[in-house]
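Shown below: work27.txt, with compact mmCIF, C-alpha atoms.
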# COMPACT_ATOMS: atom_id res chain seq x y z
CA MET Z 1 -75.86 33.01 218.65
CA SER Z 2 -73.86 31.00 216.24
CA LEU Z 3 -70.72 32.65 215.01
CA ILE Z 4 -70.98 31.24 211.57
CA GLU Z 5 -74.50 32.43 210.86
CA ASN Z 6 -73.22 35.26 208.67
CA ILE Z 7 -70.81 33.11 206.73
CA ASN Z 8 -72.17 33.17 203.23
CA LYS Z 9 -72.23 29.79 201.49
CA ALA Z 10 -71.96 31.45 198.08
CA PHE Z 11 -68.48 32.70 199.02
CA ASP Z 12 -67.35 29.49 200.61
CA HIS Z 13 -64.89 28.70 197.89
CA ARG Z 14 -61.44 30.11 197.14
CA ILE Z 15 -62.21 31.11 193.57
CA ARG Z 16 -65.57 32.72 194.27
CA LEU Z 17 -63.99 34.64 197.11
CA GLY Z 18 -61.21 35.68 194.74
CA ILE Z 19 -63.62 36.87 192.05
CA MET Z 20 -65.49 39.00 194.56
CA SER Z 21 -62.26 40.44 196.04
CA ILE Z 22 -61.13 41.60 192.62
CA LEU Z 23 -64.49 43.04 191.67
CA MET Z 24 -64.81 44.91 194.96
CA VAL Z 25 -61.82 47.13 194.18
CA ASN Z 26 -62.21 47.37 190.41
CA GLU Z 27 -65.06 49.01 188.57
CA TYR Z 28 -65.15 45.93 186.35
CA ALA Z 29 -62.92 43.11 185.21
CA ASP Z 30 -63.00 41.02 182.06
CA PHE Z 31 -62.69 37.27 181.84
CA ASN Z 32 -58.99 37.24 180.98
CA MET Z 33 -58.05 39.58 183.79
CA LEU Z 34 -59.85 37.34 186.29
CA LYS Z 35 -58.24 34.28 184.78
CA GLU Z 36 -54.74 35.74 185.01
CA LEU Z 37 -55.13 36.96 188.55
CA LEU Z 38 -56.70 33.79 189.87
CA GLY Z 39 -54.69 31.33 187.83
CA VAL Z 40 -57.59 29.02 186.95
CA THR Z 41 -58.84 27.29 183.84
CA ASP Z 42 -61.57 28.74 181.62
CA GLY Z 43 -64.16 26.16 182.53
CA ASN Z 44 -63.51 26.39 186.23
CA LEU Z 45 -63.74 30.16 186.24
CA ALA Z 46 -66.86 30.18 184.08
CA SER Z 47 -68.73 27.86 186.43
CA HIS Z 48 -67.91 29.96 189.48
CA LEU Z 49 -68.90 33.13 187.66
CA LYS Z 50 -72.17 31.51 186.75
CA ALA Z 51 -72.80 30.58 190.37
CA LEU Z 52 -72.25 34.16 191.50
CA GLU Z 53 -74.40 35.47 188.69
CA LYS Z 54 -77.23 33.16 189.65
CA VAL Z 55 -77.48 34.63 193.14
CA GLU Z 56 -77.20 38.08 191.55
CA TYR Z 57 -73.98 39.06 193.30
CA ILE Z 58 -72.29 39.96 190.04
CA ALA Z 59 -73.55 41.51 186.82
CA ILE Z 60 -72.42 40.54 183.36
CA GLU Z 61 -72.07 42.94 180.50
CA LYS Z 62 -71.36 41.77 177.00
CA LEU Z 63 -69.87 44.22 174.57
CA PHE Z 64 -67.66 44.46 171.55
CA ILE Z 65 -64.18 45.93 171.41
CA GLY Z 66 -63.79 46.43 167.71
CA ARG Z 67 -65.00 43.11 166.44
CA LYS Z 68 -63.92 41.08 169.41
CA PRO Z 69 -66.60 40.13 171.88
CA ASN Z 70 -65.68 41.03 175.41
CA THR Z 71 -67.49 40.08 178.59
CA ARG Z 72 -66.95 42.12 181.67
CA TYR Z 73 -68.09 41.54 185.18
CA SER Z 74 -68.92 43.86 188.04
CA THR Z 75 -70.44 43.55 191.50
CA THR Z 76 -74.09 44.33 192.11
CA PRO Z 77 -75.06 46.40 195.18
CA LEU Z 78 -76.42 43.18 196.70
CA GLY Z 79 -73.14 41.38 196.06
CA LYS Z 80 -71.19 44.21 197.66
CA LYS Z 81 -73.36 44.15 200.76
CA GLU Z 82 -73.20 40.38 201.12
CA PHE Z 83 -69.46 40.33 200.63
CA GLU Z 84 -68.97 42.99 203.30
CA ASN Z 85 -71.11 40.98 205.71
CA HIS Z 86 -69.10 37.90 204.88
CA ILE Z 87 -65.81 39.67 205.64
CA LYS Z 88 -67.20 41.00 208.91
CA ALA Z 89 -68.26 37.49 209.86
CA LEU Z 90 -64.79 36.16 209.06
CA GLU Z 91 -63.19 38.85 211.17
CA ARG Z 92 -65.53 38.14 214.08
CA ILE Z 93 -64.62 34.48 214.04
CA ILE Z 94 -60.91 35.18 213.89
CA TYR Z 95 -60.52 38.07 216.28
CA LYS Z 96 -63.38 38.04 218.77
CA ARG Z 97 -64.87 34.60 219.33
CA MET T 1 -58.58 24.48 212.20
CA GLU T 2 -61.56 26.45 210.95
CA GLN T 3 -60.02 29.64 212.19
CA GLN T 4 -56.83 29.06 210.24
CA LYS T 5 -58.86 28.57 207.09
CA TYR T 6 -60.69 31.86 207.58
CA LEU T 7 -57.45 33.64 208.33
CA ASN T 8 -56.06 32.35 205.04
CA ASP T 9 -59.23 33.51 203.30
CA LEU T 10 -58.80 37.00 204.66
CA SER T 11 -55.17 37.33 203.70
CA GLU T 12 -55.94 36.01 200.23
CA ILE T 13 -58.73 38.57 199.84
CA LYS T 14 -56.38 41.38 200.84
CA ASP T 15 -53.69 40.09 198.53
CA LEU T 16 -56.00 39.89 195.51
CA MET T 17 -57.43 43.34 196.20
CA THR T 18 -53.97 44.89 196.15
CA LYS T 19 -52.71 42.84 193.23
CA SER T 20 -55.74 43.54 191.06
CA SER T 21 -55.91 47.27 191.66
CA ARG T 22 -52.27 48.32 191.99
CA PHE T 23 -49.03 47.71 190.14
CA ILE T 24 -46.84 46.52 193.01
CA SER T 25 -43.67 45.66 191.13
CA LEU T 26 -42.50 49.25 190.82
CA SER T 27 -38.85 49.22 191.79
CA GLY T 28 -37.62 51.54 194.54
CA LEU T 29 -34.03 51.10 193.42
CA SER T 30 -34.87 52.60 190.03
CA GLY T 31 -35.97 55.76 191.86
CA VAL T 32 -32.57 55.98 193.54
CA LEU T 33 -30.79 55.53 190.19
CA ALA T 34 -33.03 58.12 188.52
CA GLY T 35 -32.01 60.54 191.26
CA ILE T 36 -28.33 59.80 190.64
CA TYR T 37 -28.72 60.34 186.88
CA ALA T 38 -30.44 63.64 187.65
CA LEU T 39 -27.54 64.74 189.85
CA ILE T 40 -25.00 63.86 187.15
CA GLY T 41 -27.10 65.67 184.55
CA ALA T 42 -27.38 68.72 186.79
CA TYR T 43 -23.63 68.76 187.34
CA LEU T 44 -23.03 68.75 183.57
CA ALA T 45 -25.65 71.43 183.07
CA TYR T 46 -24.12 73.54 185.84
CA ASN T 47 -20.79 73.44 184.04
CA ILE T 48 -22.41 74.62 180.83
CA ILE T 49 -24.56 77.32 182.35
CA TYR T 50 -22.55 78.80 185.17
CA VAL T 51 -18.91 77.84 184.97
CA LYS T 52 -18.35 78.63 181.31
CA GLN T 53 -20.16 81.92 181.64
CA ASN T 54 -17.99 83.04 184.50
CA ILE T 55 -20.68 85.18 186.01
CA GLY T 56 -19.94 84.45 189.61
CA ASP T 57 -22.81 84.40 192.03
CA ASP T 58 -25.31 86.26 189.98
CA TYR T 59 -27.61 83.53 188.79
CA LYS T 60 -30.41 85.85 187.78
CA THR T 61 -29.36 86.58 184.24
CA ILE T 62 -27.67 84.08 182.07
CA VAL T 63 -26.89 84.15 178.39
CA LEU T 64 -27.14 80.94 176.46
CA TYR T 65 -26.35 80.33 172.83
CA GLU T 66 -28.01 77.86 170.56
CA LEU T 67 -25.29 75.23 170.90
CA GLU T 68 -25.55 75.37 174.68
CA MET T 69 -29.32 75.08 174.54
CA PHE T 70 -28.98 71.94 172.46
CA GLN T 71 -26.44 70.55 174.92
CA LEU T 72 -28.84 71.18 177.80
CA PHE T 73 -31.74 69.52 175.99
CA GLY T 74 -29.43 66.63 175.16
CA ILE T 75 -28.55 66.17 178.83
CA ALA T 76 -32.20 66.43 179.90
CA PHE T 77 -33.23 63.90 177.27
CA ALA T 78 -30.48 61.47 178.29
CA VAL T 79 -31.45 61.71 181.97
CA VAL T 80 -35.13 61.05 181.23
CA ALA T 81 -34.41 58.21 178.78
CA LEU T 82 -31.96 56.50 181.15
CA SER T 83 -34.38 56.86 184.08
CA ILE T 84 -37.27 55.34 182.13
CA LEU T 85 -35.13 52.47 180.84
CA THR T 86 -33.81 51.74 184.33
CA GLY T 87 -37.31 51.93 185.79
CA VAL T 88 -38.75 49.54 183.23
CA PHE T 89 -35.83 47.13 183.50
CA LEU T 90 -35.77 46.93 187.31
CA SER T 91 -39.57 46.70 187.53
CA TRP T 92 -39.47 43.92 184.97
CA LYS T 93 -36.96 42.05 187.13
CA LYS T 94 -39.03 42.61 190.24
CA ALA T 95 -42.20 41.46 188.47
CA LYS T 96 -40.40 38.34 187.35
CA ARG T 97 -39.31 37.65 190.90
CA ASN T 98 -42.93 38.07 192.07
CA LYS T 99 -44.01 35.81 189.19
CA GLU T 100 -46.11 38.57 187.70
CA LYS T 101 -46.32 40.18 184.31
CA LEU T 102 -44.75 43.57 183.73
CA TRP T 103 -47.38 44.66 181.23
CA ASP T 104 -50.85 43.85 182.52
CA HIS T 105 -53.99 45.79 183.34
CA SER T 106 -52.46 47.30 186.50
CA SER T 107 -49.28 48.59 184.87
CA LYS T 108 -51.31 49.84 181.91
CA ARG T 109 -53.56 51.79 184.23
CA LEU T 110 -50.54 53.13 186.10
CA VAL T 111 -48.86 54.40 182.94
CA ILE T 112 -52.03 56.07 181.64
CA ASN T 113 -52.73 57.86 184.89
CA PHE T 114 -49.13 58.92 185.30
CA ALA T 115 -49.04 60.19 181.72
CA ILE T 116 -52.13 62.43 181.87
CA PRO T 117 -50.74 65.19 184.13
CA LEU T 118 -47.24 64.67 182.73
CA ALA T 119 -48.26 65.06 179.08
CA THR T 120 -50.41 68.07 179.94
CA GLY T 121 -47.45 69.71 181.64
CA GLY T 122 -45.14 68.63 178.85
CA PHE T 123 -47.17 70.35 176.14
CA PHE T 124 -47.59 73.44 178.26
CA ILE T 125 -43.86 73.67 178.99
CA LEU T 126 -42.89 72.99 175.37
CA SER T 127 -45.03 75.92 174.31
CA LEU T 128 -43.28 78.10 176.89
CA ILE T 129 -39.91 77.03 175.50
CA GLU T 130 -41.09 77.73 172.00
CA LYS T 131 -41.99 81.27 173.08
CA GLU T 132 -38.56 81.52 174.68
CA SER T 133 -40.04 82.04 178.07
CA TYR T 134 -37.77 79.81 180.11
CA ILE T 135 -38.23 81.20 183.55
CA PHE T 136 -41.16 78.99 184.57
CA VAL T 137 -39.83 75.80 183.01
CA ALA T 138 -38.09 74.53 186.14
CA PRO T 139 -40.93 75.08 188.63
CA LEU T 140 -43.56 73.77 186.22
CA THR T 141 -41.69 70.54 185.47
CA LEU T 142 -41.48 69.91 189.22
CA VAL T 143 -45.15 70.73 189.80
CA PHE T 144 -46.49 68.63 186.92
CA TYR T 145 -44.21 65.71 187.72
CA GLY T 146 -45.40 65.93 191.33
CA LEU T 147 -49.04 65.94 190.20
CA ALA T 148 -48.34 62.93 187.99
CA CYS T 149 -46.88 61.06 190.99
CA VAL T 150 -49.87 61.91 193.19
CA ASN T 151 -52.26 60.78 190.47
CA ALA T 152 -50.32 57.57 189.83
CA SER T 153 -50.08 56.69 193.51
CA LYS T 154 -53.64 55.34 193.46
CA TYR T 155 -52.48 52.66 191.04
CA THR T 156 -49.17 51.60 192.53
CA LEU T 157 -47.24 51.65 195.80
CA GLY T 158 -48.74 54.38 197.95
CA ALA T 159 -45.37 55.89 198.87
CA ILE T 160 -45.03 57.85 195.64
CA ARG T 161 -47.93 60.01 196.78
CA TYR T 162 -45.57 61.64 199.31
CA LEU T 163 -42.83 62.01 196.70
CA GLY T 164 -45.41 63.79 194.52
CA ILE T 165 -46.52 66.15 197.27
CA THR T 166 -42.91 66.98 198.14
CA LEU T 167 -42.14 67.75 194.50
CA ILE T 168 -45.19 70.01 194.18
CA ILE T 169 -44.06 71.96 197.25
CA ILE T 170 -40.51 72.27 195.90
CA GLY T 171 -41.91 73.37 192.53
CA LEU T 172 -44.03 76.05 194.15
CA ALA T 173 -41.10 77.20 196.30
CA CYS T 174 -39.14 77.51 193.08
CA VAL T 175 -41.67 80.02 191.74
CA TRP T 176 -40.63 82.41 194.51
CA ASN T 177 -36.98 81.90 193.67
CA LEU T 178 -36.98 82.15 189.91
CA GLY T 179 -33.54 81.91 188.40
CA TYR T 180 -32.45 79.17 190.78
CA GLY T 181 -34.31 76.49 188.85
CA LEU T 182 -31.35 74.16 188.49
CA PHE T 183 -30.90 73.99 192.25
CA PHE T 184 -34.55 73.18 192.83
CA TRP T 185 -34.25 70.53 190.15
CA VAL T 186 -31.30 69.01 191.99
CA LEU T 187 -33.32 69.04 195.19
CA GLY T 188 -36.49 67.66 193.61
CA PHE T 189 -35.45 65.26 190.89
CA GLY T 190 -32.11 64.33 192.45
CA VAL T 191 -32.26 64.35 196.24
CA CYS T 192 -35.98 63.55 196.64
CA HIS T 193 -35.81 60.63 194.21
CA ILE T 194 -32.88 59.18 196.13
CA ILE T 195 -34.54 59.62 199.53
CA TYR T 196 -37.95 58.26 198.53
CA GLY T 197 -36.40 55.55 196.35
CA THR T 198 -34.34 54.32 199.30
CA TRP T 199 -37.38 54.41 201.55
CA MET T 200 -39.42 52.44 199.02
CA TYR T 201 -36.57 50.00 198.52
CA PHE T 202 -36.45 49.13 202.20
CA LYS T 203 -40.23 49.17 202.59
CA TYR T 204 -41.23 47.09 199.56
CA ASP T 205 -38.30 45.57 197.68
CA LYS T 206 -36.38 43.94 200.46
CA ASN T 207 -38.20 40.69 201.12
Produce structure tokens that represent the structure in this file.
Amino acid sequence: MSLIENINKAFDHRIRLGIMSILMVNEYADFNMLKELLGVTDGNLASHLKALEKVEYIAIEKLFIGRKPNTRYSTTPLGKKEFENHIKALERIIYKR
Amino acid sequence: MEQQKYLNDLSEIKDLMTKSSRFISLSGLSGVLAGIYALIGAYLAYNIIYVKQNIGDDYKTIVLYELEMFQLFGIAFAVVALSILTGVFLSWKKAKRNKEKLWDHSSKRLVINFAIPLATGGFFILSLIEKESYIFVAPLTLVFYGLACVNASKYTLGAIRYLGITLIIIGLACVWNLGYGLFFWVLGFGVCHIIYGTWMYFKYDKN
């Protein structure tokens, strides 16, 4: 059995991993909050968000706060499950071998 | 090689989870100072209530005039204002040291969740004062402040959960010893703040 079989390619990037980590412990996060916490540029963040959205690990909700458009992100049940598997796989590689 | 990368991944995940869900720049030292202000305030209040009245050991009945009431409220207000200012200032410094913002989503969430039980208690207690029913003021301030700490602990350093529980217990103990409110205040707002503040300082601030 290969140890890395559960390593999820979709999470194999610092920023995507970061996005998922934040969304796992918060009901939702908006674009600016993610940007501040991760310290990345708009374009960079947007492309990683899009990648996670494409595999349906995160959900996007567009709404208005007053007149200002606001986009907020949250994990889907699938995303949660995959992320948990990914963490377990990481831990197996590090601690068990 | 690979392993080191995954280890870094894991610690970064943990870091982001804490940072995004909790306000971690709360200063332990400000808790210690708040406790010291409370002790000074209590000492001043003691002089107004007990020494001037010359009523010896009988704490059960005290007579206060309007001027003295205003002095007591003045002391209480000064203690609270100084504590808040110190807390904000020291947390701001700590946030700066951690290269984080003082006012972001996590501190906002912390303030809101701390304020809900506190404001509820505040209104309740103000209405008691307005009806000149002072006897439950001391235990209720301790209980509601304790509840506020427990509620806020989900959004900041976990240690204040234990401070909250301790204050609730002291507040409830005070109900069975009505008339000794000032001493329970000293114990709760003074001594407990200093003990837990010191603990938090050594656990979180010092590195």
At most 10 Å to chain Z: residues in chain T, only C-alpha atoms, as a list in words: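 Output check: Glu2, Gln3, Gln4, Lys5, Tyr6, Leu7, Asn8, Asp9, Leu10, Glu12, Ile13, Lys14, Asp15, Leu16, Met17, Thr18, Lys19, Ser20, Ser21, Arg22, Glu100, Lys101, Asp104, His105 and Ser106 of chain T.
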Distance criterion (only C-alpha atoms): nearest to T:Gln71 out of T:Ile48, T:Ile194, T:Leu187, T:Ala95: T:Ile48
Nearest-residue call for T:Val175, choices T:Leu85, T:Ala138, T:Leu110, T:Ile49, using all atoms listed in the file: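 Answer, going by the shortest atom-to-atom distance: T:Ala138.
Atom CA of Z:Asp42 sits 20.2 Å away from atom CA of Z:Ile65.
For T:Trp199, the set of protein, DNA and RNA residues having any atom at most 12 Å away, when counting all atoms listed in the file and skipping those fewer than 2 positions along the same chain, is T:Ser27, T:Gly28, T:Leu29, T:Ser30, T:Gly31, T:Val32, T:Leu157, T:Gly158, T:Ala159, T:Ile160, T:Tyr162, T:Leu163, T:Cys192, T:His193, T:Ile194, T:Ile195, T:Tyr196, T:Gly197, T:Tyr201, T:Phe202, T:Lys203, T:Tyr204, T:Asp205, T:Lys206.
Of the listed residues (T:Ala148, T:Met200, T:Leu167, T:Leu64), T:Met200 comes nearest to T:Ser25; the distances count only C-alpha atoms.
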Taking the structure in the block just given, could you write stretch 154-182 of chain T with C-alpha atoms, as a short mmCIF file (atom, residue, chain, number, x, y, z; two decimals), in the first residue's frame?
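Output file out.cif follows:
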data_model
loop_
_atom_site.label_atom_id
_atom_site.label_comp_id
_atom_site.auth_asym_id
_atom_site.auth_seq_id
_atom_site.Cartn_x
_atom_site.Cartn_y
_atom_site.Cartn_z
CA LYS T 154 -14.40 30.13 22.63
CA TYR T 155 -13.05 33.10 20.70
CA THR T 156 -9.76 33.77 22.45
CA LEU T 157 -7.18 32.08 24.66
CA GLY T 158 -8.88 29.13 26.32
CA ALA T 159 -7.57 29.99 29.79
CA ILE T 160 -10.22 32.62 30.47
CA ARG T 161 -12.79 29.84 30.56
CA TYR T 162 -11.39 28.80 33.95
CA LEU T 163 -11.31 32.39 35.16
CA GLY T 164 -14.99 32.60 34.20
CA ILE T 165 -15.94 29.41 36.01
CA THR T 166 -14.06 30.53 39.13
CA LEU T 167 -15.85 33.87 39.10
CA ILE T 168 -19.26 32.21 38.72
CA ILE T 169 -18.52 30.02 41.74
CA ILE T 170 -17.35 33.01 43.79
CA GLY T 171 -20.46 34.93 42.72
CA LEU T 172 -22.73 32.10 43.81
CA ALA T 173 -20.85 31.74 47.10
CA CYS T 174 -21.45 35.43 47.61
CA VAL T 175 -25.22 34.88 47.44
CA TRP T 176 -24.96 32.82 50.63
CA ASN T 177 -22.94 35.55 52.30
CA LEU T 178 -24.87 38.65 51.38
CA GLY T 179 -23.47 41.79 52.91
CA TYR T 180 -19.88 40.74 52.32
CA GLY T 181 -20.01 41.69 48.65
CA LEU T 182 -16.92 43.88 48.71
#
